[in-house]
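Structure data (CSV, C-alpha atoms) from run_1.csv:
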chain,number,residue,atom,x,y,z
A,248,GLU,CA,79.0,93.2,91.7
A,249,PRO,CA,76.5,96.1,91.3
A,250,GLU,CA,77.9,99.3,89.8
A,251,VAL,CA,77.0,102.7,88.8
A,252,THR,CA,76.9,103.2,85.0
A,253,GLN,CA,77.0,106.4,83.0
A,254,THR,CA,76.3,107.3,79.4
A,255,PRO,CA,77.7,108.6,77.2
A,256,SER,CA,81.4,108.2,78.1
A,257,HIS,CA,82.3,111.3,76.1
A,258,GLN,CA,80.1,114.1,74.9
A,259,VAL,CA,81.2,116.9,72.6
A,260,THR,CA,78.9,119.9,72.2
A,261,GLN,CA,78.8,123.4,70.9
A,262,MET,CA,78.6,126.3,73.4
A,263,GLY,CA,75.0,127.2,74.1
A,264,GLN,CA,73.7,123.7,73.4
A,265,GLU,CA,71.8,121.6,75.9
A,266,VAL,CA,73.2,118.3,77.1
A,267,ILE,CA,71.8,115.5,79.1
A,268,LEU,CA,74.1,113.2,81.0
A,269,ARG,CA,72.6,109.9,82.1
A,270,CYS,CA,73.3,107.6,85.1
A,271,VAL,CA,72.0,104.4,86.3
A,272,PRO,CA,72.6,104.2,90.1
A,273,ILE,CA,73.0,100.9,92.0
A,274,SER,CA,69.5,99.5,92.2
A,275,ASN,CA,68.7,99.5,95.9
A,276,HIS,CA,70.4,102.9,96.6
A,277,LEU,CA,68.2,105.8,97.6
A,278,TYR,CA,70.7,108.8,97.6
A,279,PHE,CA,72.1,110.1,94.3
A,280,TYR,CA,74.7,112.7,93.6
A,281,TRP,CA,76.4,114.5,90.8
A,282,TYR,CA,80.0,115.7,91.0
A,283,ARG,CA,82.3,117.2,88.5
A,284,GLN,CA,86.1,117.3,88.0
A,285,ILE,CA,87.7,119.9,85.8
A,286,LEU,CA,91.0,118.6,84.4
A,287,GLY,CA,93.7,118.7,87.0
A,288,GLN,CA,91.4,119.9,89.8
A,289,LYS,CA,89.6,118.4,92.7
A,290,VAL,CA,86.3,116.6,92.5
A,291,GLU,CA,83.5,119.1,93.3
A,292,PHE,CA,80.0,118.4,94.6
A,293,LEU,CA,77.2,119.7,92.5
A,294,VAL,CA,73.9,118.3,93.8
A,295,SER,CA,72.3,115.6,95.9
A,296,PHE,CA,68.9,114.0,95.3
A,297,TYR,CA,66.7,112.0,97.6
A,298,ASN,CA,63.0,111.0,97.6
A,299,ASN,CA,62.5,112.6,94.1
A,300,GLU,CA,63.8,116.0,95.1
A,301,ILE,CA,67.0,118.0,95.4
A,302,SER,CA,68.4,117.8,99.0
A,303,GLU,CA,71.4,120.1,98.6
A,304,LYS,CA,73.2,121.9,95.9
A,305,SER,CA,76.4,123.8,95.6
A,306,GLU,CA,77.1,127.3,94.2
A,307,ILE,CA,78.1,125.7,91.0
A,308,PHE,CA,74.7,124.2,90.5
A,309,ASP,CA,72.9,127.3,89.1
A,310,ASP,CA,69.8,127.8,87.0
A,311,GLN,CA,71.5,126.2,84.0
A,312,PHE,CA,71.6,122.9,85.7
A,313,SER,CA,68.7,120.5,86.6
A,314,VAL,CA,68.4,116.9,87.7
A,315,GLU,CA,65.7,114.4,87.2
A,316,ARG,CA,64.8,110.8,88.0
A,317,PRO,CA,62.5,110.1,85.1
A,318,ASP,CA,61.8,106.5,86.0
A,319,GLY,CA,62.9,103.9,88.6
A,320,SER,CA,66.4,103.4,87.3
A,321,ASN,CA,67.8,106.5,85.5
A,322,PHE,CA,69.1,109.7,87.0
A,323,THR,CA,70.0,112.6,84.7
A,324,LEU,CA,71.8,115.9,84.8
A,325,LYS,CA,70.8,118.5,82.3
A,326,ILE,CA,72.8,121.6,81.4
A,327,ARG,CA,70.6,123.9,79.4
A,328,SER,CA,73.0,126.2,77.7
A,329,THR,CA,76.6,124.9,77.9
A,330,LYS,CA,79.5,127.2,78.5
A,331,LEU,CA,83.2,126.6,77.8
A,332,GLU,CA,83.9,126.4,81.5
A,333,ASP,CA,81.4,123.4,81.8
A,334,SER,CA,84.0,121.2,80.1
A,335,ALA,CA,84.9,118.6,82.8
A,336,MET,CA,84.4,115.0,83.8
A,337,TYR,CA,80.9,114.6,85.4
A,338,PHE,CA,80.5,111.7,87.9
A,339,CYS,CA,77.3,110.3,89.2
A,340,ALA,CA,77.4,108.6,92.6
A,341,SER,CA,74.8,106.6,94.6
A,342,ARG,CA,74.6,105.7,98.3
A,343,GLY,CA,72.8,103.0,100.1
A,344,GLY,CA,74.6,103.0,103.5
A,345,SER,CA,77.4,105.5,104.3
A,346,GLU,CA,79.7,105.0,101.3
A,347,GLN,CA,79.2,106.7,97.9
A,348,PHE,CA,79.9,104.6,94.8
A,349,PHE,CA,80.9,106.5,91.7
A,350,GLY,CA,80.3,105.8,88.1
A,351,PRO,CA,83.0,105.9,85.4
A,352,GLY,CA,82.1,109.4,84.4
A,353,THR,CA,81.1,111.4,81.3
A,354,ARG,CA,83.8,113.6,79.8
A,355,LEU,CA,82.0,116.7,78.5
A,356,THR,CA,83.8,118.9,76.0
A,357,VAL,CA,82.3,122.2,75.1
A,358,LEU,CA,83.6,123.8,72.0
B,943,GLU,CA,84.9,126.6,105.8
B,944,ASP,CA,85.3,122.9,105.5
B,945,GLN,CA,88.4,121.8,103.6
B,946,VAL,CA,90.7,118.9,102.9
B,947,THR,CA,94.4,119.2,102.1
B,948,GLN,CA,96.4,116.3,100.8
B,949,SER,CA,100.2,115.9,100.7
B,950,PRO,CA,102.4,115.3,98.9
B,951,GLU,CA,100.8,116.2,95.6
B,952,ALA,CA,102.9,113.5,93.9
B,953,LEU,CA,105.0,110.6,95.2
B,954,ARG,CA,107.3,108.3,93.3
B,955,LEU,CA,108.3,105.0,95.0
B,956,GLN,CA,110.3,102.0,94.0
B,957,GLU,CA,108.4,98.7,94.2
B,958,GLY,CA,108.6,97.5,97.8
B,959,GLU,CA,109.3,101.0,99.2
B,960,SER,CA,106.7,101.7,101.9
B,961,SER,CA,105.4,105.2,102.5
B,962,SER,CA,102.4,107.2,103.8
B,963,LEU,CA,100.0,109.7,102.2
B,964,ASN,CA,98.6,112.5,104.4
B,965,CYS,CA,95.1,114.0,104.5
B,966,SER,CA,94.5,116.9,106.9
B,967,TYR,CA,91.0,118.3,107.3
B,968,THR,CA,89.1,121.1,108.8
B,969,VAL,CA,85.5,120.4,109.3
B,970,SER,CA,82.8,121.7,111.6
B,971,GLY,CA,81.9,118.2,112.6
B,972,LEU,CA,83.3,115.0,111.0
B,973,ARG,CA,80.6,112.5,110.0
B,974,GLY,CA,83.1,110.3,108.1
B,975,LEU,CA,86.4,110.4,106.2
B,976,PHE,CA,86.7,108.4,103.0
B,977,TRP,CA,89.6,107.2,100.9
B,978,TYR,CA,89.2,106.6,97.2
B,979,ARG,CA,91.5,105.4,94.4
B,980,GLN,CA,91.2,107.1,91.0
B,981,ASP,CA,92.8,105.8,87.8
B,982,PRO,CA,93.3,108.2,84.9
B,983,GLY,CA,90.0,108.9,83.1
B,984,LYS,CA,88.0,106.9,85.6
B,985,GLY,CA,85.7,107.5,88.5
B,986,PRO,CA,86.8,107.3,92.1
B,987,GLU,CA,86.9,103.8,93.5
B,988,PHE,CA,85.9,103.4,97.2
B,989,LEU,CA,88.6,102.1,99.5
B,990,PHE,CA,87.8,102.9,103.2
B,991,THR,CA,85.6,104.8,105.5
B,992,LEU,CA,86.8,106.0,108.9
B,993,TYR,CA,84.5,107.6,111.5
B,994,SER,CA,86.4,108.3,114.7
B,995,ALA,CA,89.9,109.1,115.9
B,996,GLY,CA,92.0,106.0,116.5
B,997,GLU,CA,90.1,103.9,113.9
B,998,GLU,CA,92.1,101.9,111.4
B,999,LYS,CA,91.1,100.0,108.3
B,1000,GLU,CA,93.2,97.6,106.2
B,1001,LYS,CA,92.9,96.2,102.7
B,1002,GLU,CA,95.8,94.3,101.1
B,1003,ARG,CA,98.8,96.6,101.1
B,1004,LEU,CA,96.8,99.6,102.3
B,1005,LYS,CA,96.0,100.8,105.8
B,1006,ALA,CA,94.1,103.9,106.7
B,1007,THR,CA,94.3,105.6,110.1
B,1008,LEU,CA,92.4,108.6,111.5
B,1009,THR,CA,93.2,111.2,114.2
B,1010,LYS,CA,91.2,114.3,115.1
B,1011,LYS,CA,92.9,116.4,112.5
B,1012,GLU,CA,94.3,114.1,109.8
B,1013,SER,CA,94.3,110.7,108.2
B,1014,PHE,CA,97.1,108.7,106.8
B,1015,LEU,CA,97.1,106.1,104.1
B,1016,HIS,CA,100.0,103.7,104.6
B,1017,ILE,CA,101.2,101.7,101.7
B,1018,THR,CA,103.3,98.7,102.5
B,1019,ALA,CA,105.6,97.1,99.9
B,1020,PRO,CA,103.7,98.8,97.0
B,1021,LYS,CA,103.5,97.2,93.5
B,1022,PRO,CA,103.3,99.0,90.2
B,1023,GLU,CA,99.6,98.3,90.0
B,1024,ASP,CA,99.1,100.5,93.1
B,1025,SER,CA,100.0,103.5,90.9
B,1026,ALA,CA,97.0,105.8,90.9
B,1027,THR,CA,95.7,109.0,92.4
B,1028,TYR,CA,94.5,108.6,96.0
B,1029,LEU,CA,91.7,110.9,97.0
B,1030,CYS,CA,90.6,111.8,100.5
B,1031,ALA,CA,87.1,113.2,101.2
B,1032,VAL,CA,85.2,114.2,104.3
B,1033,GLN,CA,81.6,114.3,105.0
B,1034,ALA,CA,80.5,116.9,107.5
B,1035,TYR,CA,77.6,117.1,109.9
B,1036,GLY,CA,75.2,119.8,108.5
B,1037,GLY,CA,75.3,118.6,105.0
B,1038,SER,CA,71.8,117.2,104.7
B,1039,GLN,CA,72.5,114.2,102.5
B,1040,GLY,CA,76.2,113.5,102.9
B,1041,ASN,CA,77.9,115.4,100.1
B,1042,LEU,CA,81.6,114.8,100.0
B,1043,ILE,CA,84.4,117.4,100.2
B,1044,PHE,CA,87.4,116.2,98.3
B,1045,GLY,CA,91.1,117.0,98.5
B,1046,LYS,CA,93.2,117.4,95.3
B,1047,GLY,CA,94.7,113.9,95.7
B,1048,THR,CA,98.1,112.4,95.8
B,1049,LYS,CA,99.4,110.9,92.6
B,1050,LEU,CA,101.4,107.8,93.4
B,1051,SER,CA,103.8,106.2,90.9
B,1052,VAL,CA,105.4,102.9,91.8
B,1053,LYS,CA,108.3,101.9,89.6
B,1054,PRO,CA,109.4,98.3,89.2
Could the structure of this file be written out as structure tokens, please?
Amino acid sequence: EPEVTQTPSHQVTQMGQEVILRCVPISNHLYFYWYRQILGQKVEFLVSFYNNEISEKSEIFDDQFSVERPDGSNFTLKIRSTKLEDSAMYFCASRGGSEQFFGPGTRLTVL
Amino acid sequence: EDQVTQSPEALRLQEGESSSLNCSYTVSGLRGLFWYRQDPGKGPEFLFTLYSAGEEKEKERLKATLTKKESFLHITAPKPEDSATYLCAVQAYGGSQGNLIFGKGTKLSVKP
């Protein structure tokens, strides 16, 4: 069964460093998303991506964040200068029909 | 503002003890309501999509129902392996590519 994959599973970084989180969506899906979940809190929408451009972004997705689909399979989230409050689980999701399918997540720890 | 509220926050059941989880929502126009299961440290796993009031979906011991203001996830004769956090999310008209608005979830524990 096709699934969304994410790497790495856990990333530890120092405050101010850049991180890139990687996702491989389900192959025939066209819509891609990033969400985050701070420990003990709800899953929050960050950004949606379609046809090689951002479709919608939340207030959380400020200038420190960017997304890219560098080739036909990968979808990345970059945080340019990490802050302590960026520590969270980051989930990638993809959609072909109406349902979004989520990856296992990357746990980002900012020290 | 679109929002989703789930209750209870936590629910402890004995194996075989049926119950229901509630998801109430306020949204400008409902495109779809989604139920997901989330195990600790994992991503949400899709369960159901509901589109209109009166709709019901079933899968094994789970049944999801939808009214104009809320959805219920009914769990019949649960087993310990049903223990997880159940997330409700809505998709509103107006969001251009279908971003989901999640509730905080209900953490279900089923004891043998």
For this session: Name the residues in contact with segment 956-963 of chain B at a cut-off of 12 Å, using only C-alpha atoms, excluding same-chain residues fewer than 3 positions from it; report them as a ChimeraX atom specification.
Result: /B:947-953,966,977,1003-1007,1012-1025,1027-1030,1047-1054
Problem set entry | Distance query 6 Å from (88.2, 125.5, 109.9) using all atoms listed in the file, result as a ChimeraX atom specification | /B:943-944,968-969
Using C-alpha atoms, can you export the residues from the last selection as a PDB file, in the frame of the given file?
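Final output, result_33.pdb:
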ATOM      1  CA  GLU B 943      84.900 126.600 105.800  1.00  0.00           C
ATOM      2  CA  ASP B 944      85.300 122.900 105.500  1.00  0.00           C
ATOM      3  CA  THR B 968      89.100 121.100 108.800  1.00  0.00           C
ATOM      4  CA  VAL B 969      85.500 120.400 109.300  1.00  0.00           C
TER       5      VAL B 969
END
List as JSON lines every residue of chain B that is in contact with chain A, defined as an atom at most 7 Å from one of its atoms (using all atoms listed in the file), together with the nearest atom pair and the distance in Å rounded to one decimal, sorted by chain and then rising number.
{"residue": "B:Lys984", "atom": "CA", "partner": "A:Pro351", "partner_atom": "CA", "distance": 5.1}
{"residue": "B:Gly985", "atom": "CA", "partner": "A:Pro351", "partner_atom": "CA", "distance": 4.4}
{"residue": "B:Pro986", "atom": "CA", "partner": "A:Phe349", "partner_atom": "CA", "distance": 6.0}
{"residue": "B:Glu987", "atom": "CA", "partner": "A:Phe349", "partner_atom": "CA", "distance": 6.8}
{"residue": "B:Phe988", "atom": "CA", "partner": "A:Phe348", "partner_atom": "CA", "distance": 6.6}
{"residue": "B:Ser1038", "atom": "CA", "partner": "A:Ser302", "partner_atom": "CA", "distance": 6.7}
{"residue": "B:Gln1039", "atom": "CA", "partner": "A:Ser302", "partner_atom": "CA", "distance": 6.5}
{"residue": "B:Asn1041", "atom": "CA", "partner": "A:Phe292", "partner_atom": "CA", "distance": 6.6}
{"residue": "B:Leu1042", "atom": "CA", "partner": "A:Phe292", "partner_atom": "CA", "distance": 6.7}
{"residue": "B:Phe1044", "atom": "CA", "partner": "A:Val290", "partner_atom": "CA", "distance": 5.9}
{"residue": "B:Gly1045", "atom": "CA", "partner": "A:Lys289", "partner_atom": "CA", "distance": 6.2}
{"residue": "B:Lys1046", "atom": "CA", "partner": "A:Lys289", "partner_atom": "CA", "distance": 4.6}
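The space between atom CA of Val259 of chain A and atom CA of Thr356 of chain A spans 4.7 Å.
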Exercise. At what distance in Å, to one decimal, does atom CA of Glu306 of chain A lie from atom CA of Thr252 of chain A?
Worked result: 25.8 Å
Skip Ser970 of chain B itself and residues of its chain fewer than 3 positions away, then list as a compact mmCIF listing (two decimals) with C-alpha atoms, in the coordinates of the input all residues within 12 Å of it, counting only C-alpha atoms.
# COMPACT_ATOMS: atom_id res chain seq x y z
CA GLU B 943 84.90 126.60 105.80
CA ASP B 944 85.30 122.90 105.50
CA GLN B 945 88.40 121.80 103.60
CA TYR B 967 91.00 118.30 107.30
CA ARG B 973 80.60 112.50 110.00
CA GLY B 974 83.10 110.30 108.10
CA LYS B 1010 91.20 114.30 115.10
CA LYS B 1011 92.90 116.40 112.50
CA VAL B 1032 85.20 114.20 104.30
CA GLN B 1033 81.60 114.30 105.00
CA ALA B 1034 80.50 116.90 107.50
CA TYR B 1035 77.60 117.10 109.90
CA GLY B 1036 75.20 119.80 108.50
CA GLY B 1037 75.30 118.60 105.00
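For Leu989 of chain B, the residues within 8 Å (counting all atoms listed in the file, excluding itself and residues fewer than 5 positions away along the chain) are Phe976, Trp977, Tyr978, Arg979 and Lys1001 of chain B.
When atom CA of Leu358 of chain A is paired with atom CA of Val271 of chain A, their separation reads 26.7 Å.
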For this session: Tell me which protein, DNA and RNA residues are within 6 Å of Thr329 of chain A, counting all atoms listed in the file, leaving out same-chain ones fewer than 5 positions away, and put them as number ranges by chain.
Result: A: 262-264
Using only C-alpha atoms, collect all residues at a distance of at most 6 Å from (64.2, 116.9, 92.1) as written in the file, then present them as an mmCIF file with C-alpha atoms, keeping the file's coordinate frame.
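Result file is selection.cif:
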data_model
loop_
_atom_site.group_PDB
_atom_site.id
_atom_site.type_symbol
_atom_site.label_atom_id
_atom_site.label_comp_id
_atom_site.auth_asym_id
_atom_site.auth_seq_id
_atom_site.Cartn_x
_atom_site.Cartn_y
_atom_site.Cartn_z
ATOM 1 C CA ASN A 299 62.500 112.600 94.100
ATOM 2 C CA GLU A 300 63.800 116.000 95.100
ATOM 3 C CA ILE A 301 67.000 118.000 95.400
ATOM 4 C CA GLU A 315 65.700 114.400 87.200
#
Exercise. From the set A:Ile326, A:Ile285, A:Val314, A:Val357, which residue has the shortest atom-to-atom contact distance to Val266 of chain A, counting all atoms listed in the file?
Worked result: A:Ile326
Exercise. From the list A:Pro249, A:Asn298, A:Arg283, A:Leu277, which residue is nearest Ile1043 of chain B when using all atoms listed in the file?
Worked result: A:Arg283
